[in-house]
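Next up, structure.cif (mmCIF, N, CA, C and O atoms):
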data_query
#
loop_
_atom_site.label_atom_id
_atom_site.label_comp_id
_atom_site.auth_asym_id
_atom_site.auth_seq_id
_atom_site.Cartn_x
_atom_site.Cartn_y
_atom_site.Cartn_z
N MET Q 1 0.84 -1.18 0.00
CA MET Q 1 0.00 0.00 0.00
C MET Q 1 0.87 1.24 0.00
O MET Q 1 1.96 1.21 -0.24
N GLY Q 2 0.47 2.34 0.30
CA GLY Q 2 1.35 3.50 0.38
C GLY Q 2 1.70 4.05 -0.98
O GLY Q 2 1.75 3.33 -1.96
N GLY Q 3 1.90 5.32 -1.03
CA GLY Q 3 2.23 5.98 -2.28
C GLY Q 3 3.71 6.09 -2.49
O GLY Q 3 4.52 5.64 -1.69
N VAL Q 4 4.06 6.69 -3.56
CA VAL Q 4 5.46 6.92 -3.88
C VAL Q 4 5.95 8.08 -3.03
O VAL Q 4 5.31 9.11 -2.93
N MET Q 5 7.07 7.89 -2.38
CA MET Q 5 7.65 8.93 -1.55
C MET Q 5 8.58 9.80 -2.39
O MET Q 5 9.40 9.28 -3.13
N PRO Q 6 8.46 11.12 -2.28
CA PRO Q 6 9.39 11.98 -3.01
C PRO Q 6 10.82 11.70 -2.56
O PRO Q 6 11.06 11.34 -1.42
N GLN Q 7 11.75 11.88 -3.47
CA GLN Q 7 13.16 11.66 -3.15
C GLN Q 7 13.65 12.62 -2.07
O GLN Q 7 14.48 12.27 -1.27
N ASP Q 8 13.15 13.82 -2.10
CA ASP Q 8 13.62 14.84 -1.17
C ASP Q 8 12.56 15.07 -0.10
O ASP Q 8 11.62 15.79 -0.32
N GLN Q 9 12.69 14.43 1.05
CA GLN Q 9 11.72 14.53 2.12
C GLN Q 9 12.19 15.48 3.22
O GLN Q 9 12.00 15.19 4.39
N ARG Q 10 12.83 16.58 2.87
CA ARG Q 10 13.28 17.51 3.89
C ARG Q 10 12.08 18.18 4.54
O ARG Q 10 11.08 18.44 3.88
N PRO Q 11 12.18 18.51 5.83
CA PRO Q 11 11.09 19.24 6.48
C PRO Q 11 10.89 20.59 5.79
O PRO Q 11 11.81 21.15 5.20
N LEU Q 12 9.67 21.11 5.91
CA LEU Q 12 9.33 22.38 5.27
C LEU Q 12 10.29 23.49 5.65
O LEU Q 12 10.69 24.30 4.82
N ASP Q 13 10.70 23.55 6.95
CA ASP Q 13 11.57 24.64 7.36
C ASP Q 13 12.95 24.55 6.71
O ASP Q 13 13.71 25.51 6.74
N GLN Q 14 13.28 23.41 6.14
CA GLN Q 14 14.55 23.28 5.46
C GLN Q 14 14.47 23.78 4.02
O GLN Q 14 15.48 24.06 3.40
N ILE Q 15 13.26 23.86 3.45
CA ILE Q 15 13.14 24.29 2.06
C ILE Q 15 12.47 25.66 1.94
O ILE Q 15 12.56 26.29 0.90
N LYS Q 16 11.82 26.13 3.00
CA LYS Q 16 11.24 27.46 2.98
C LYS Q 16 12.37 28.47 2.90
O LYS Q 16 13.39 28.33 3.56
N ARG Q 17 12.18 29.48 2.09
CA ARG Q 17 13.22 30.49 1.92
C ARG Q 17 12.76 31.80 2.55
O ARG Q 17 11.60 32.16 2.48
N TYR Q 18 13.73 32.51 3.13
CA TYR Q 18 13.47 33.78 3.78
C TYR Q 18 14.35 34.86 3.16
O TYR Q 18 15.42 34.57 2.64
N ARG Q 19 13.87 36.10 3.29
CA ARG Q 19 14.66 37.24 2.83
C ARG Q 19 14.24 38.47 3.62
O ARG Q 19 13.20 38.47 4.27
N ILE Q 20 15.05 39.51 3.52
CA ILE Q 20 14.68 40.80 4.08
C ILE Q 20 14.31 41.70 2.92
O ILE Q 20 15.11 41.88 2.00
N ASP Q 21 13.11 42.21 2.95
CA ASP Q 21 12.68 43.19 1.95
C ASP Q 21 13.41 44.48 2.27
O ASP Q 21 13.43 44.91 3.43
N PRO Q 22 14.05 45.12 1.28
CA PRO Q 22 14.78 46.37 1.57
C PRO Q 22 13.92 47.40 2.29
O PRO Q 22 14.42 48.18 3.09
N ARG Q 23 12.61 47.39 2.05
CA ARG Q 23 11.72 48.33 2.73
C ARG Q 23 11.57 48.00 4.21
O ARG Q 23 11.08 48.82 4.99
N ASP Q 24 11.99 46.80 4.61
CA ASP Q 24 11.89 46.38 6.01
C ASP Q 24 13.21 46.49 6.76
O ASP Q 24 13.32 45.97 7.87
N ALA Q 25 14.17 47.14 6.17
CA ALA Q 25 15.45 47.31 6.85
C ALA Q 25 15.22 48.06 8.17
O ALA Q 25 14.38 48.94 8.26
N CYS Q 26 15.97 47.68 9.18
CA CYS Q 26 15.83 48.27 10.50
C CYS Q 26 17.04 49.11 10.84
O CYS Q 26 18.17 48.79 10.44
N LEU Q 27 16.81 50.16 11.59
CA LEU Q 27 17.91 50.89 12.21
C LEU Q 27 18.23 50.14 13.50
O LEU Q 27 17.31 49.71 14.21
N THR Q 28 19.50 49.97 13.79
CA THR Q 28 19.87 49.19 14.96
C THR Q 28 20.71 50.02 15.93
O THR Q 28 21.45 50.92 15.53
N CYS Q 29 20.58 49.69 17.19
CA CYS Q 29 21.38 50.30 18.24
C CYS Q 29 21.71 49.21 19.25
O CYS Q 29 20.81 48.65 19.88
N ALA Q 30 23.00 48.90 19.38
CA ALA Q 30 23.44 47.88 20.32
C ALA Q 30 23.64 48.50 21.70
O ALA Q 30 24.27 49.55 21.83
N LEU Q 31 23.07 47.85 22.72
CA LEU Q 31 23.19 48.29 24.11
C LEU Q 31 23.60 47.09 24.94
O LEU Q 31 22.75 46.30 25.34
N ASP Q 32 24.88 46.93 25.16
CA ASP Q 32 25.40 45.76 25.87
C ASP Q 32 24.90 44.49 25.19
O ASP Q 32 25.18 44.28 24.03
N ASP Q 33 24.11 43.67 25.90
CA ASP Q 33 23.63 42.42 25.33
C ASP Q 33 22.33 42.57 24.55
O ASP Q 33 21.90 41.63 23.90
N LEU Q 34 21.72 43.73 24.62
CA LEU Q 34 20.48 43.99 23.90
C LEU Q 34 20.75 44.74 22.60
O LEU Q 34 21.70 45.52 22.52
N THR Q 35 19.91 44.52 21.63
CA THR Q 35 19.94 45.32 20.41
C THR Q 35 18.54 45.85 20.18
O THR Q 35 17.56 45.11 20.27
N LEU Q 36 18.45 47.14 19.93
CA LEU Q 36 17.18 47.76 19.59
C LEU Q 36 17.07 47.80 18.08
O LEU Q 36 18.01 48.21 17.39
N LEU Q 37 15.95 47.36 17.56
CA LEU Q 37 15.68 47.38 16.12
C LEU Q 37 14.50 48.30 15.89
O LEU Q 37 13.40 48.04 16.38
N TYR Q 38 14.71 49.39 15.16
CA TYR Q 38 13.60 50.26 14.80
C TYR Q 38 13.16 49.91 13.39
O TYR Q 38 13.92 50.06 12.43
N HIS Q 39 11.94 49.42 13.27
CA HIS Q 39 11.36 49.02 11.99
C HIS Q 39 10.51 50.19 11.49
O HIS Q 39 9.38 50.38 11.92
N GLY Q 40 11.10 50.99 10.60
CA GLY Q 40 10.45 52.20 10.13
C GLY Q 40 9.12 51.96 9.46
O GLY Q 40 8.20 52.78 9.59
N ARG Q 41 9.00 50.87 8.74
CA ARG Q 41 7.75 50.59 8.02
C ARG Q 41 6.56 50.44 8.97
O ARG Q 41 5.47 50.90 8.68
N SER Q 42 6.79 49.83 10.13
CA SER Q 42 5.70 49.64 11.10
C SER Q 42 5.73 50.69 12.20
O SER Q 42 4.75 50.84 12.93
N GLY Q 43 6.87 51.37 12.35
CA GLY Q 43 7.00 52.34 13.42
C GLY Q 43 7.26 51.70 14.77
O GLY Q 43 7.22 52.36 15.80
N GLN Q 44 7.58 50.41 14.77
CA GLN Q 44 7.81 49.70 16.03
C GLN Q 44 9.29 49.53 16.31
O GLN Q 44 10.10 49.39 15.39
N THR Q 45 9.62 49.53 17.59
CA THR Q 45 10.97 49.23 18.04
C THR Q 45 10.93 47.90 18.78
O THR Q 45 10.05 47.67 19.61
N HIS Q 46 11.85 47.02 18.43
CA HIS Q 46 11.93 45.69 19.04
C HIS Q 46 13.24 45.58 19.81
O HIS Q 46 14.28 46.02 19.32
N MET Q 47 13.17 45.00 21.01
CA MET Q 47 14.38 44.69 21.78
C MET Q 47 14.68 43.22 21.56
O MET Q 47 13.81 42.37 21.81
N VAL Q 48 15.88 42.92 21.09
CA VAL Q 48 16.25 41.54 20.80
C VAL Q 48 17.61 41.23 21.40
O VAL Q 48 18.38 42.12 21.75
N ILE Q 49 17.86 39.94 21.53
CA ILE Q 49 19.16 39.47 21.98
C ILE Q 49 19.69 38.48 20.96
O ILE Q 49 18.98 38.09 20.03
N SER Q 50 20.91 38.05 21.16
CA SER Q 50 21.53 37.06 20.28
C SER Q 50 20.66 35.81 20.29
O SER Q 50 20.12 35.44 21.34
N PRO Q 51 20.41 35.21 19.18
CA PRO Q 51 21.08 35.28 17.89
C PRO Q 51 20.36 36.14 16.85
O PRO Q 51 20.72 36.11 15.68
N VAL Q 52 19.34 36.93 17.26
CA VAL Q 52 18.57 37.70 16.28
C VAL Q 52 19.44 38.68 15.49
O VAL Q 52 19.39 38.69 14.26
N PRO Q 53 20.27 39.52 16.14
CA PRO Q 53 21.08 40.46 15.34
C PRO Q 53 22.00 39.74 14.36
O PRO Q 53 22.18 40.17 13.22
N GLU Q 54 22.57 38.61 14.80
CA GLU Q 54 23.46 37.85 13.94
C GLU Q 54 22.71 37.28 12.73
O GLU Q 54 23.22 37.28 11.61
N ILE Q 55 21.51 36.79 12.97
CA ILE Q 55 20.69 36.25 11.87
C ILE Q 55 20.36 37.35 10.88
O ILE Q 55 20.49 37.17 9.67
N LEU Q 56 19.93 38.49 11.38
CA LEU Q 56 19.57 39.59 10.48
C LEU Q 56 20.77 40.08 9.67
O LEU Q 56 20.63 40.36 8.48
N ARG Q 57 21.93 40.16 10.31
CA ARG Q 57 23.14 40.56 9.56
C ARG Q 57 23.47 39.55 8.47
O ARG Q 57 23.91 39.91 7.38
N ALA Q 58 23.26 38.27 8.77
CA ALA Q 58 23.61 37.21 7.81
C ALA Q 58 22.72 37.20 6.58
O ALA Q 58 23.10 36.67 5.55
N ILE Q 59 21.52 37.79 6.68
CA ILE Q 59 20.63 37.79 5.51
C ILE Q 59 20.36 39.19 4.97
O ILE Q 59 19.53 39.35 4.08
N GLN Q 60 21.09 40.17 5.45
CA GLN Q 60 20.81 41.54 5.01
C GLN Q 60 21.23 41.82 3.57
O GLN Q 60 20.88 42.86 3.03
N ASP Q 61 21.93 40.90 2.93
CA ASP Q 61 22.37 41.14 1.55
C ASP Q 61 21.26 40.94 0.53
O ASP Q 61 21.47 41.08 -0.67
N GLY Q 62 20.06 40.59 0.99
CA GLY Q 62 18.92 40.42 0.08
C GLY Q 62 18.76 39.04 -0.51
O GLY Q 62 17.82 38.78 -1.24
N ALA Q 63 19.69 38.14 -0.22
CA ALA Q 63 19.60 36.77 -0.74
C ALA Q 63 18.39 36.07 -0.11
O ALA Q 63 17.98 36.40 1.00
N THR Q 64 17.84 35.12 -0.82
CA THR Q 64 16.78 34.28 -0.25
C THR Q 64 17.45 33.01 0.26
O THR Q 64 18.14 32.32 -0.48
N LEU Q 65 17.25 32.73 1.54
CA LEU Q 65 17.98 31.65 2.19
C LEU Q 65 17.05 30.69 2.91
O LEU Q 65 16.06 31.11 3.51
N THR Q 66 17.41 29.42 2.89
CA THR Q 66 16.74 28.43 3.73
C THR Q 66 17.40 28.46 5.10
O THR Q 66 18.45 29.07 5.30
N VAL Q 67 16.80 27.74 6.04
CA VAL Q 67 17.41 27.61 7.37
C VAL Q 67 18.80 27.00 7.24
O VAL Q 67 19.75 27.45 7.88
N ASN Q 68 18.93 26.00 6.39
CA ASN Q 68 20.22 25.35 6.19
C ASN Q 68 21.25 26.31 5.59
O ASN Q 68 22.41 26.34 6.02
N ASP Q 69 20.84 27.12 4.61
CA ASP Q 69 21.75 28.13 4.03
C ASP Q 69 22.24 29.09 5.11
O ASP Q 69 23.42 29.43 5.17
N LEU Q 70 21.31 29.52 5.94
CA LEU Q 70 21.66 30.46 7.00
C LEU Q 70 22.59 29.81 8.02
O LEU Q 70 23.54 30.44 8.50
N TRP Q 71 22.35 28.54 8.33
CA TRP Q 71 23.25 27.83 9.24
C TRP Q 71 24.68 27.83 8.69
O TRP Q 71 25.63 28.10 9.42
N HIS Q 72 24.82 27.57 7.38
CA HIS Q 72 26.15 27.58 6.77
C HIS Q 72 26.81 28.95 6.90
O HIS Q 72 28.00 29.04 7.21
N ARG Q 73 26.06 30.00 6.66
CA ARG Q 73 26.63 31.35 6.79
C ARG Q 73 27.06 31.63 8.23
O ARG Q 73 28.14 32.15 8.47
N LEU Q 74 26.20 31.33 9.17
CA LEU Q 74 26.50 31.61 10.58
C LEU Q 74 27.64 30.75 11.11
O LEU Q 74 28.46 31.20 11.92
N ALA Q 75 27.71 29.50 10.65
CA ALA Q 75 28.75 28.58 11.12
C ALA Q 75 30.15 29.02 10.71
O ALA Q 75 31.13 28.61 11.32
N GLN Q 76 30.24 29.89 9.71
CA GLN Q 76 31.56 30.42 9.31
C GLN Q 76 32.13 31.35 10.38
O GLN Q 76 33.34 31.51 10.48
N SER Q 77 31.26 31.98 11.16
CA SER Q 77 31.70 32.97 12.14
C SER Q 77 31.45 32.58 13.59
O SER Q 77 32.03 33.18 14.50
N TYR Q 78 30.55 31.62 13.82
CA TYR Q 78 30.15 31.30 15.19
C TYR Q 78 30.17 29.80 15.42
O TYR Q 78 29.92 29.02 14.51
N ASP Q 79 30.43 29.40 16.67
CA ASP Q 79 30.31 28.01 17.07
C ASP Q 79 28.85 27.79 17.41
O ASP Q 79 28.35 28.29 18.43
N LEU Q 80 28.13 27.08 16.56
CA LEU Q 80 26.69 26.92 16.72
C LEU Q 80 26.31 25.67 17.51
O LEU Q 80 25.13 25.41 17.71
N GLY Q 81 27.28 24.90 17.92
CA GLY Q 81 26.98 23.68 18.67
C GLY Q 81 26.39 22.62 17.76
O GLY Q 81 26.68 22.56 16.56
N ASP Q 82 25.54 21.78 18.35
CA ASP Q 82 24.92 20.69 17.62
C ASP Q 82 24.14 21.23 16.43
O ASP Q 82 23.32 22.14 16.56
N ARG Q 83 24.39 20.66 15.26
CA ARG Q 83 23.79 21.17 14.02
C ARG Q 83 22.27 21.11 14.05
O ARG Q 83 21.59 22.07 13.69
N ASP Q 84 21.70 19.98 14.48
CA ASP Q 84 20.24 19.85 14.51
C ASP Q 84 19.60 20.84 15.48
O ASP Q 84 18.57 21.44 15.17
N ASP Q 85 20.22 21.03 16.64
CA ASP Q 85 19.71 22.01 17.61
C ASP Q 85 19.79 23.42 17.03
O ASP Q 85 18.87 24.21 17.18
N ALA Q 86 20.91 23.71 16.38
CA ALA Q 86 21.09 25.05 15.79
C ALA Q 86 20.08 25.29 14.67
O ALA Q 86 19.51 26.38 14.57
N LEU Q 87 19.84 24.29 13.83
CA LEU Q 87 18.85 24.44 12.75
C LEU Q 87 17.46 24.70 13.33
O LEU Q 87 16.72 25.56 12.82
N ALA Q 88 17.11 24.01 14.39
CA ALA Q 88 15.80 24.21 15.02
C ALA Q 88 15.70 25.63 15.59
O ALA Q 88 14.67 26.30 15.44
N GLN Q 89 16.76 26.09 16.23
CA GLN Q 89 16.78 27.44 16.82
C GLN Q 89 16.70 28.51 15.73
O GLN Q 89 15.93 29.46 15.85
N ILE Q 90 17.46 28.35 14.67
CA ILE Q 90 17.43 29.31 13.56
C ILE Q 90 16.04 29.33 12.93
O ILE Q 90 15.49 30.40 12.65
N GLY Q 91 15.46 28.16 12.72
CA GLY Q 91 14.12 28.09 12.14
C GLY Q 91 13.09 28.78 13.01
O GLY Q 91 12.23 29.53 12.51
N ALA Q 92 13.16 28.56 14.31
CA ALA Q 92 12.22 29.20 15.24
C ALA Q 92 12.40 30.72 15.23
O ALA Q 92 11.41 31.47 15.25
N GLN Q 93 13.65 31.17 15.20
CA GLN Q 93 13.90 32.61 15.16
C GLN Q 93 13.37 33.23 13.88
O GLN Q 93 12.78 34.32 13.90
N LEU Q 94 13.56 32.56 12.75
CA LEU Q 94 13.07 33.09 11.48
C LEU Q 94 11.55 33.16 11.46
O LEU Q 94 10.98 34.14 10.95
N GLU Q 95 10.89 32.17 12.02
CA GLU Q 95 9.43 32.21 12.10
C GLU Q 95 8.97 33.39 12.95
O GLU Q 95 8.00 34.08 12.61
N ALA Q 96 9.64 33.62 14.07
CA ALA Q 96 9.28 34.75 14.93
C ALA Q 96 9.54 36.08 14.22
O ALA Q 96 8.72 37.00 14.30
N LEU Q 97 10.66 36.18 13.51
CA LEU Q 97 10.97 37.40 12.76
C LEU Q 97 9.97 37.62 11.63
O LEU Q 97 9.60 38.76 11.34
N GLU Q 98 9.53 36.53 11.02
CA GLU Q 98 8.52 36.64 9.97
C GLU Q 98 7.20 37.15 10.56
O GLU Q 98 6.53 38.01 9.97
N ALA Q 99 6.83 36.66 11.74
CA ALA Q 99 5.59 37.10 12.39
C ALA Q 99 5.65 38.60 12.72
O ALA Q 99 4.62 39.28 12.69
N LEU Q 100 6.84 39.11 13.01
CA LEU Q 100 7.01 40.53 13.30
C LEU Q 100 7.11 41.39 12.05
O LEU Q 100 7.09 42.61 12.11
N GLY Q 101 7.25 40.74 10.90
CA GLY Q 101 7.39 41.47 9.64
C GLY Q 101 8.81 41.92 9.34
O GLY Q 101 9.03 42.74 8.45
N LEU Q 102 9.79 41.37 10.07
CA LEU Q 102 11.18 41.78 9.86
C LEU Q 102 11.87 40.97 8.79
O LEU Q 102 12.88 41.41 8.25
N VAL Q 103 11.38 39.77 8.51
CA VAL Q 103 11.83 38.97 7.35
C VAL Q 103 10.58 38.47 6.66
O VAL Q 103 9.48 38.47 7.25
N ARG Q 104 10.73 38.04 5.42
CA ARG Q 104 9.59 37.56 4.65
C ARG Q 104 9.91 36.21 4.03
O ARG Q 104 11.06 35.94 3.70
N ALA Q 105 8.87 35.41 3.85
CA ALA Q 105 9.03 34.18 3.09
C ALA Q 105 9.21 34.59 1.63
O ALA Q 105 8.55 35.49 1.14
N ALA Q 106 10.17 33.96 0.98
CA ALA Q 106 10.46 34.33 -0.42
C ALA Q 106 9.83 33.34 -1.36
O ALA Q 106 9.58 32.21 -1.05
#
What would you get if you wrote out this structure as C-alpha cells?
Amino acid sequence: MGGVMPQDQRPLDQIKRYRIDPRDACLTCALDDLTLLYHGRSGQTHMVISPVPEILRAIQDGATLTVNDLWHRLAQSYDLGDRDDALAQIGAQLEALEALGLVRAA
C-alpha cells in the first residue's frame, strides 16, 4: 500500500526560503547584550538578543535563504553547537521574525 515517496523529504523549514525586503530594513542600536531594532515601516521598536542580530546581519544582503543556508553562513563565524539544535533554533527565530514582519518568506 502506500504511495510513492518523493526523493527529497526535507522538512518544510529546510526548504522554505526567507529574505529581508529592503523596505523592512531596521535601524539598529546595540546596548550591551540587547539590540534595539527600529522598523520604520511599522514604526515599532523591538528589543532583541543574540542570535537575532546575527541572523539579520547574515541575511541583510537580500539573498533568499533556507534555514540550512543560514546555518552555513553563521557557522563560518560562530560556534553553533549541535547542528540539529542550531537548525531548530534558527528556524524558530526566522518564524518569529517573519511574524514581526522583519523577514519575509520568499
TODO: Select from chain Q everything DSSP, run on the backbone, classes as helix (DSSP H, G or I), then give the selection as a ChimeraX atom specification.
DONE: /Q:12-15,22-24,52-59,67-75,83-100
Using DSSP on the backbone coordinates, identify all residues within chain Q classified as strand (DSSP E); present the result as a tab-separated table (two decimals) with N, CA, C and O atoms, in the frame of the given file.
chain	number	residue	atom	x	y	z
Q	18	TYR	N	13.73	32.51	3.13
Q	18	TYR	CA	13.47	33.78	3.78
Q	18	TYR	C	14.35	34.86	3.16
Q	18	TYR	O	15.42	34.57	2.64
Q	19	ARG	N	13.87	36.10	3.29
Q	19	ARG	CA	14.66	37.24	2.83
Q	19	ARG	C	14.24	38.47	3.62
Q	19	ARG	O	13.20	38.47	4.27
Q	26	CYS	N	15.97	47.68	9.18
Q	26	CYS	CA	15.83	48.27	10.50
Q	26	CYS	C	17.04	49.11	10.84
Q	26	CYS	O	18.17	48.79	10.44
Q	27	LEU	N	16.81	50.16	11.59
Q	27	LEU	CA	17.91	50.89	12.21
Q	27	LEU	C	18.23	50.14	13.50
Q	27	LEU	O	17.31	49.71	14.21
Q	28	THR	N	19.50	49.97	13.79
Q	28	THR	CA	19.87	49.19	14.96
Q	28	THR	C	20.71	50.02	15.93
Q	28	THR	O	21.45	50.92	15.53
Q	29	CYS	N	20.58	49.69	17.19
Q	29	CYS	CA	21.38	50.30	18.24
Q	29	CYS	C	21.71	49.21	19.25
Q	29	CYS	O	20.81	48.65	19.88
Q	30	ALA	N	23.00	48.90	19.38
Q	30	ALA	CA	23.44	47.88	20.32
Q	30	ALA	C	23.64	48.50	21.70
Q	30	ALA	O	24.27	49.55	21.83
Q	31	LEU	N	23.07	47.85	22.72
Q	31	LEU	CA	23.19	48.29	24.11
Q	31	LEU	C	23.60	47.09	24.94
Q	31	LEU	O	22.75	46.30	25.34
Q	34	LEU	N	21.72	43.73	24.62
Q	34	LEU	CA	20.48	43.99	23.90
Q	34	LEU	C	20.75	44.74	22.60
Q	34	LEU	O	21.70	45.52	22.52
Q	35	THR	N	19.91	44.52	21.63
Q	35	THR	CA	19.94	45.32	20.41
Q	35	THR	C	18.54	45.85	20.18
Q	35	THR	O	17.56	45.11	20.27
Q	36	LEU	N	18.45	47.14	19.93
Q	36	LEU	CA	17.18	47.76	19.59
Q	36	LEU	C	17.07	47.80	18.08
Q	36	LEU	O	18.01	48.21	17.39
Q	37	LEU	N	15.95	47.36	17.56
Q	37	LEU	CA	15.68	47.38	16.12
Q	37	LEU	C	14.50	48.30	15.89
Q	37	LEU	O	13.40	48.04	16.38
Q	38	TYR	N	14.71	49.39	15.16
Q	38	TYR	CA	13.60	50.26	14.80
Q	38	TYR	C	13.16	49.91	13.39
Q	38	TYR	O	13.92	50.06	12.43
Q	39	HIS	N	11.94	49.42	13.27
Q	39	HIS	CA	11.36	49.02	11.99
Q	39	HIS	C	10.51	50.19	11.49
Q	39	HIS	O	9.38	50.38	11.92
Q	44	GLN	N	7.58	50.41	14.77
Q	44	GLN	CA	7.81	49.70	16.03
Q	44	GLN	C	9.29	49.53	16.31
Q	44	GLN	O	10.10	49.39	15.39
Q	45	THR	N	9.62	49.53	17.59
Q	45	THR	CA	10.97	49.23	18.04
Q	45	THR	C	10.93	47.90	18.78
Q	45	THR	O	10.05	47.67	19.61
Q	46	HIS	N	11.85	47.02	18.43
Q	46	HIS	CA	11.93	45.69	19.04
Q	46	HIS	C	13.24	45.58	19.81
Q	46	HIS	O	14.28	46.02	19.32
Q	47	MET	N	13.17	45.00	21.01
Q	47	MET	CA	14.38	44.69	21.78
Q	47	MET	C	14.68	43.22	21.56
Q	47	MET	O	13.81	42.37	21.81
Q	48	VAL	N	15.88	42.92	21.09
Q	48	VAL	CA	16.25	41.54	20.80
Q	48	VAL	C	17.61	41.23	21.40
Q	48	VAL	O	18.38	42.12	21.75
Q	104	ARG	N	10.73	38.04	5.42
Q	104	ARG	CA	9.59	37.56	4.65
Q	104	ARG	C	9.91	36.21	4.03
Q	104	ARG	O	11.06	35.94	3.70
Q	105	ALA	N	8.87	35.41	3.85
Q	105	ALA	CA	9.03	34.18	3.09
Q	105	ALA	C	9.21	34.59	1.63
Q	105	ALA	O	8.55	35.49	1.14
Task: Atom pair atom N of Q:Tyr78 / atom N of Q:Gln60: separation (Å) - done: 15.3 Å
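Separating atom CA of Q:Asp21 from atom C of Q:Ala92 is a distance of 18.2 Å.
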Would you mind listing, for every residue of stretch 7-81 of chain Q within 7 Å of stretch 102-106 of chain Q, the two atoms forming the shortest contact and the distance between them in Å to one decimal, using all atoms listed in the file, sorted by chain and ascending residue number, as a Markdown table?
| residue | atom | partner | partner_atom | distance |
| --- | --- | --- | --- | --- |
| Q:Ile15 | O | Q:Ala106 | O | 6.9 |
| Q:Lys16 | C | Q:Ala106 | O | 6.1 |
| Q:Arg17 | O | Q:Ala106 | N | 2.7 |
| Q:Tyr18 | CA | Q:Arg104 | O | 3.2 |
| Q:Arg19 | O | Q:Arg104 | N | 2.8 |
| Q:Ile20 | CA | Q:Leu102 | O | 4.6 |
| Q:Asp21 | N | Q:Leu102 | O | 5.4 |
| Q:Asp24 | O | Q:Leu102 | O | 4.6 |
| Q:Ala25 | N | Q:Leu102 | O | 6.2 |
| Q:Thr64 | CA | Q:Ala106 | CA | 6.3 |
| Q:Leu65 | O | Q:Arg104 | O | 7.0 |
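Of the residues under consideration (Q:Leu74, Q:Cys29, Q:Ala99, Q:Leu36), Q:Leu74 shows the shortest atom-to-atom contact distance to Q:Glu54 when counting all atoms listed in the file.
Among Q:Leu31, Q:Leu70, Q:Leu94, Q:Ala63, the residue with the shortest atom-to-atom distance to Q:Val48, counting only N, CA, C and O atoms, is Q:Leu31.
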- [ ] Just give me the gap between atom CA of Q:Leu80 and atom CA of Q:Thr35 in Å, one decimal is fine.
- [x] 19.9 Å
Pick out the residues sitting within 8 Å of Q:Leu34, and hand them over as an mmCIF file with N, CA, C and O atoms, keeping the file's coordinate frame; count all atoms listed in the file, and ignore anything fewer than 6 positions along from it in its own chain.
data_model
loop_
_atom_site.group_PDB
_atom_site.id
_atom_site.type_symbol
_atom_site.label_atom_id
_atom_site.label_comp_id
_atom_site.auth_asym_id
_atom_site.auth_seq_id
_atom_site.Cartn_x
_atom_site.Cartn_y
_atom_site.Cartn_z
ATOM 1 N N HIS Q 46 11.850 47.020 18.430
ATOM 2 C CA HIS Q 46 11.930 45.690 19.040
ATOM 3 C C HIS Q 46 13.240 45.580 19.810
ATOM 4 O O HIS Q 46 14.280 46.020 19.320
ATOM 5 N N MET Q 47 13.170 45.000 21.010
ATOM 6 C CA MET Q 47 14.380 44.690 21.780
ATOM 7 C C MET Q 47 14.680 43.220 21.560
ATOM 8 O O MET Q 47 13.810 42.370 21.810
ATOM 9 N N VAL Q 48 15.880 42.920 21.090
ATOM 10 C CA VAL Q 48 16.250 41.540 20.800
ATOM 11 C C VAL Q 48 17.610 41.230 21.400
ATOM 12 O O VAL Q 48 18.380 42.120 21.750
ATOM 13 N N ILE Q 49 17.860 39.940 21.530
ATOM 14 C CA ILE Q 49 19.160 39.470 21.980
ATOM 15 C C ILE Q 49 19.690 38.480 20.960
ATOM 16 O O ILE Q 49 18.980 38.090 20.030
ATOM 17 N N SER Q 50 20.910 38.050 21.160
ATOM 18 C CA SER Q 50 21.530 37.060 20.280
ATOM 19 C C SER Q 50 20.660 35.810 20.290
ATOM 20 O O SER Q 50 20.120 35.440 21.340
#
Open item on the list: Between Q:Leu37, Q:Ile55, Q:Leu27, Q:Val67, which residue has the minimum interatomic distance to Q:Leu87, considering all atoms listed in the file?
Closed with: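 Answer, going by the shortest atom-to-atom distance: Q:Val67.
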